[in-house]
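Notes for the one structure printed next.
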Amino acid sequence: MSKRFYLTTAIDYVNGEPHLGHAYEKVITDIIARTHLSLGQDVFYLTGLDEHGQKVQSAAKADGKDPQLYCDEFAAIWETFAGRLNLTNSDFVRTSSQRHKAFVQAVLQNLHDNGHFYQAEYRGFYSARQESFLTEKDRREDGTFDPIYGDVNELVEHNYYFKLGQHQQWLIDHIEANPSFIQPETRRNEVLGFLKNNTLEDLCITRPKERLEWGIQLPFDERYVTYVWFDALSNYASIPAALGDAAVAGPIGLDSKPAAPELWPADIHVIGKDILKFHAVYWPIMLKAMKLPLPGQVLVHGWWQKDGQKMSKTTGNVVDPVGVIEEWGVDAFRYYVVRELDIGPDGNWTDESFEARYSAELANGLGNLVNRSLSMLNRYRGGMLETTSDELAEDAEKWITKARRNYESHQIQAALISIWRLVDRANQYVEQTAPFKLAKQEDQSDRLNEVLYNLIECCRILAVLIWPVIPDTAEKIFEQVNFDGSPADFELAKWGGLAEGHTCNKATPLFPRKDLEKK
């Protein structure tokens, strides 16, 4: 068995319901997963929930619920959300599960036995909202702390610390020797700047049980639970270990299983820019201490605004992904978020731009092409292709090649731009050849047959090209074209797949036009 392409999202904290940023990250990851599936690779895509910590304990208490029940109720919401986004995730991790806890405790014991932890007293400030210790450097000029930290209290307590600082130069060397390890390059430079201009302090990895009970207990000191980030980051390796992957289970002292999927190391961790330090500094050093190989890449996306402003539930300036999906369909949502925003920079959602892309690119672009091509074939030839032709083959092959190259480098926005060049070319071809006029001229029967073939073959190829991004639409096109096989196979994106005598089904609208004037 060969190693699967393994990619992950950040795990979401169960102190609220899903929002646009969560949806965007999951869709990006799903498109990358589907891309590798379509290119013939075995893929394992992991997402899930981060369920421990002070905020969850406090929220559960405020609701009068046991923390586990509180998390179970939110987990149902989030798993349903993953389904609404049409994700292909292979597993769904919950950090309150026994399989995850077992791994974290094994890691803690392993690192403790190998001298990576020490105990020390902490005196300073603590932000319950961010679940982090603060220093004088975090104060503003007037001595106060930024409101993002909420109430900040002075604290004196003993904790365990992980020897992070001694690995600083090693990590700098690794990042410089592996330029693709952190992407995009702006985020790589950000991490290198941080590491070269700051002394890396050791990481506090525990909280006393008297202050926080809702966490994973240290196996070597029952008075403490582990810090939520040490717990959460481990999820990427805990699931491969739970499944018996020898590459991660062995070094930690856990049992591997025969025929277990070979997953570790992760090929890509997809994360938001706000948690870059945890994934590009803490996690690699944790893995080195565990004697585990590092992931191939940390891929960092930006944040969304709404109408040029920060999203806020308080002001009502939010985008509800489920509401958009219910009104416009999941494919329209998936298409917009990756066509509008490249991976890396921040983006701005406006309802006007969403509706404009839906109308111009989905309904009038792709949808209209498929609908009128099949409608003409059914009207003029009873749905049958009476010849083959390669008039648009060169155009198609050019955009297939560009789309594949962009997909392979995870340039999703660029891939869509390439694909829509073929959509535009095929629609332009309709205007140039005017098949509705050819159909009225008896001596143009052969020419009409050629034109119809070129259009239908373009539609078939487009279904393969769009499958990673808008899979439901791709499958509908294959069904309407009546083509055996699946659009999930990129090898089918080659000219000449349809044979003479092939019969297509009738067209049904892919993206029904909306009466936007009345909205």
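The way I read the labels, and the way they are meant: chains A, B, ... in the order of the structure tokens, residue 1 as the first residue of every chain, and ligand 1 as the first ligand shown, with later ones counted on from there.
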
Next on the checklist: If we count only C-alpha atoms and set the cut-off at 9 Å, which residues sit around A:Trp420, ignoring sequence neighbours fewer than 6 positions away in its own chain? Please answer as a ChimeraX atom specification.
Outcome noted: /A:361,365-366,399,462

Would you output that residue set with all heavy atoms, as a PDB file, in the first residue's frame?
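Saved as out31.pdb:
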ATOM      1  N   GLU A 361     -21.133  34.241 -15.108  1.00  0.00           N
ATOM      2  CA  GLU A 361     -20.208  33.130 -15.313  1.00  0.00           C
ATOM      3  C   GLU A 361     -20.870  31.755 -15.203  1.00  0.00           C
ATOM      4  O   GLU A 361     -20.521  30.847 -15.945  1.00  0.00           O
ATOM      5  CB  GLU A 361     -19.043  33.246 -14.319  1.00  0.00           C
ATOM      6  CG  GLU A 361     -18.205  34.492 -14.589  1.00  0.00           C
ATOM      7  CD  GLU A 361     -17.338  34.915 -13.413  1.00  0.00           C
ATOM      8  OE1 GLU A 361     -16.941  34.049 -12.608  1.00  0.00           O
ATOM      9  OE2 GLU A 361     -17.064  36.126 -13.293  1.00  0.00           O
ATOM     10  N   GLY A 365     -22.819  31.919 -18.654  1.00  0.00           N
ATOM     11  CA  GLY A 365     -21.594  31.366 -19.216  1.00  0.00           C
ATOM     12  C   GLY A 365     -21.676  29.870 -19.396  1.00  0.00           C
ATOM     13  O   GLY A 365     -22.044  29.373 -20.470  1.00  0.00           O
ATOM     14  N   LEU A 366     -21.373  29.134 -18.348  1.00  0.00           N
ATOM     15  CA  LEU A 366     -21.371  27.672 -18.422  1.00  0.00           C
ATOM     16  C   LEU A 366     -22.774  27.110 -18.628  1.00  0.00           C
ATOM     17  O   LEU A 366     -22.992  26.257 -19.498  1.00  0.00           O
ATOM     18  CB  LEU A 366     -20.753  27.105 -17.142  1.00  0.00           C
ATOM     19  CG  LEU A 366     -20.738  25.579 -17.020  1.00  0.00           C
ATOM     20  CD1 LEU A 366     -19.863  24.953 -18.100  1.00  0.00           C
ATOM     21  CD2 LEU A 366     -20.262  25.159 -15.627  1.00  0.00           C
ATOM     22  N   TRP A 399      -6.387  24.934 -22.984  1.00  0.00           N
ATOM     23  CA  TRP A 399      -6.957  25.328 -21.692  1.00  0.00           C
ATOM     24  C   TRP A 399      -6.987  24.151 -20.720  1.00  0.00           C
ATOM     25  O   TRP A 399      -6.887  24.346 -19.501  1.00  0.00           O
ATOM     26  CB  TRP A 399      -8.343  25.938 -21.885  1.00  0.00           C
ATOM     27  CG  TRP A 399      -8.268  27.213 -22.691  1.00  0.00           C
ATOM     28  CD1 TRP A 399      -8.831  27.451 -23.906  1.00  0.00           C
ATOM     29  CD2 TRP A 399      -7.545  28.389 -22.341  1.00  0.00           C
ATOM     30  NE1 TRP A 399      -8.506  28.707 -24.343  1.00  0.00           N
ATOM     31  CE2 TRP A 399      -7.725  29.315 -23.401  1.00  0.00           C
ATOM     32  CE3 TRP A 399      -6.754  28.767 -21.256  1.00  0.00           C
ATOM     33  CZ2 TRP A 399      -7.145  30.581 -23.396  1.00  0.00           C
ATOM     34  CZ3 TRP A 399      -6.182  30.029 -21.241  1.00  0.00           C
ATOM     35  CH2 TRP A 399      -6.376  30.921 -22.296  1.00  0.00           C
ATOM     36  N   LEU A 462     -15.496  20.176 -20.185  1.00  0.00           N
ATOM     37  CA  LEU A 462     -15.673  21.163 -19.111  1.00  0.00           C
ATOM     38  C   LEU A 462     -16.164  20.505 -17.827  1.00  0.00           C
ATOM     39  O   LEU A 462     -15.775  20.917 -16.729  1.00  0.00           O
ATOM     40  CB  LEU A 462     -16.644  22.261 -19.558  1.00  0.00           C
ATOM     41  CG  LEU A 462     -16.043  23.299 -20.510  1.00  0.00           C
ATOM     42  CD1 LEU A 462     -17.146  24.122 -21.164  1.00  0.00           C
ATOM     43  CD2 LEU A 462     -15.053  24.208 -19.771  1.00  0.00           C
TER      44      LEU A 462
END

Can I get the residues of stretch 38-80 of chain A within 12 Å of stretch 234-238 of chain A, each with the closest pair of atoms and their distance in Å to one decimal, using only C-alpha atoms, sorted chain first then ascending number, as a Markdown table?
| residue | atom | partner | partner_atom | distance |
| --- | --- | --- | --- | --- |
| A:Phe44 | CA | A:Tyr236 | CA | 11.5 |
| A:Tyr45 | CA | A:Tyr236 | CA | 10.5 |
| A:Leu46 | CA | A:Tyr236 | CA | 7.9 |
| A:Thr47 | CA | A:Tyr236 | CA | 9.0 |
| A:Gly48 | CA | A:Asn235 | CA | 8.9 |
| A:Leu49 | CA | A:Asn235 | CA | 9.3 |
| A:Asp50 | CA | A:Asn235 | CA | 8.7 |
| A:Glu51 | CA | A:Asn235 | CA | 11.3 |

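Shortest atom-to-atom contact with A:Leu164 among A:Ala177, A:Asp231, A:Tyr282, A:Asp489: A:Tyr282, counting only C-alpha atoms.
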
Checklist entry - Can you list every residue in stretch 131-261 of chain A that DSSP puts in strand (DSSP E or B), as a ChimeraX atom specification? => result /A:132-134,139,145,152-162,182-183,203-204,206-208,217-218,221-226

Listing only residues of stretch 155-233 of chain A within 9 Å of stretch 344-350 of chain A, what is the closest atom pair and its distance in Å (to one decimal) for each, using only C-alpha atoms, sorted by chain and residue number ascending, as CSV?
residue,atom,partner,partner_atom,distance
A:Gln183,CA,A:Gly344,CA,8.1
A:Pro184,CA,A:Gly344,CA,6.1
A:Thr186,CA,A:Gly344,CA,8.4
A:Arg187,CA,A:Gly344,CA,8.4
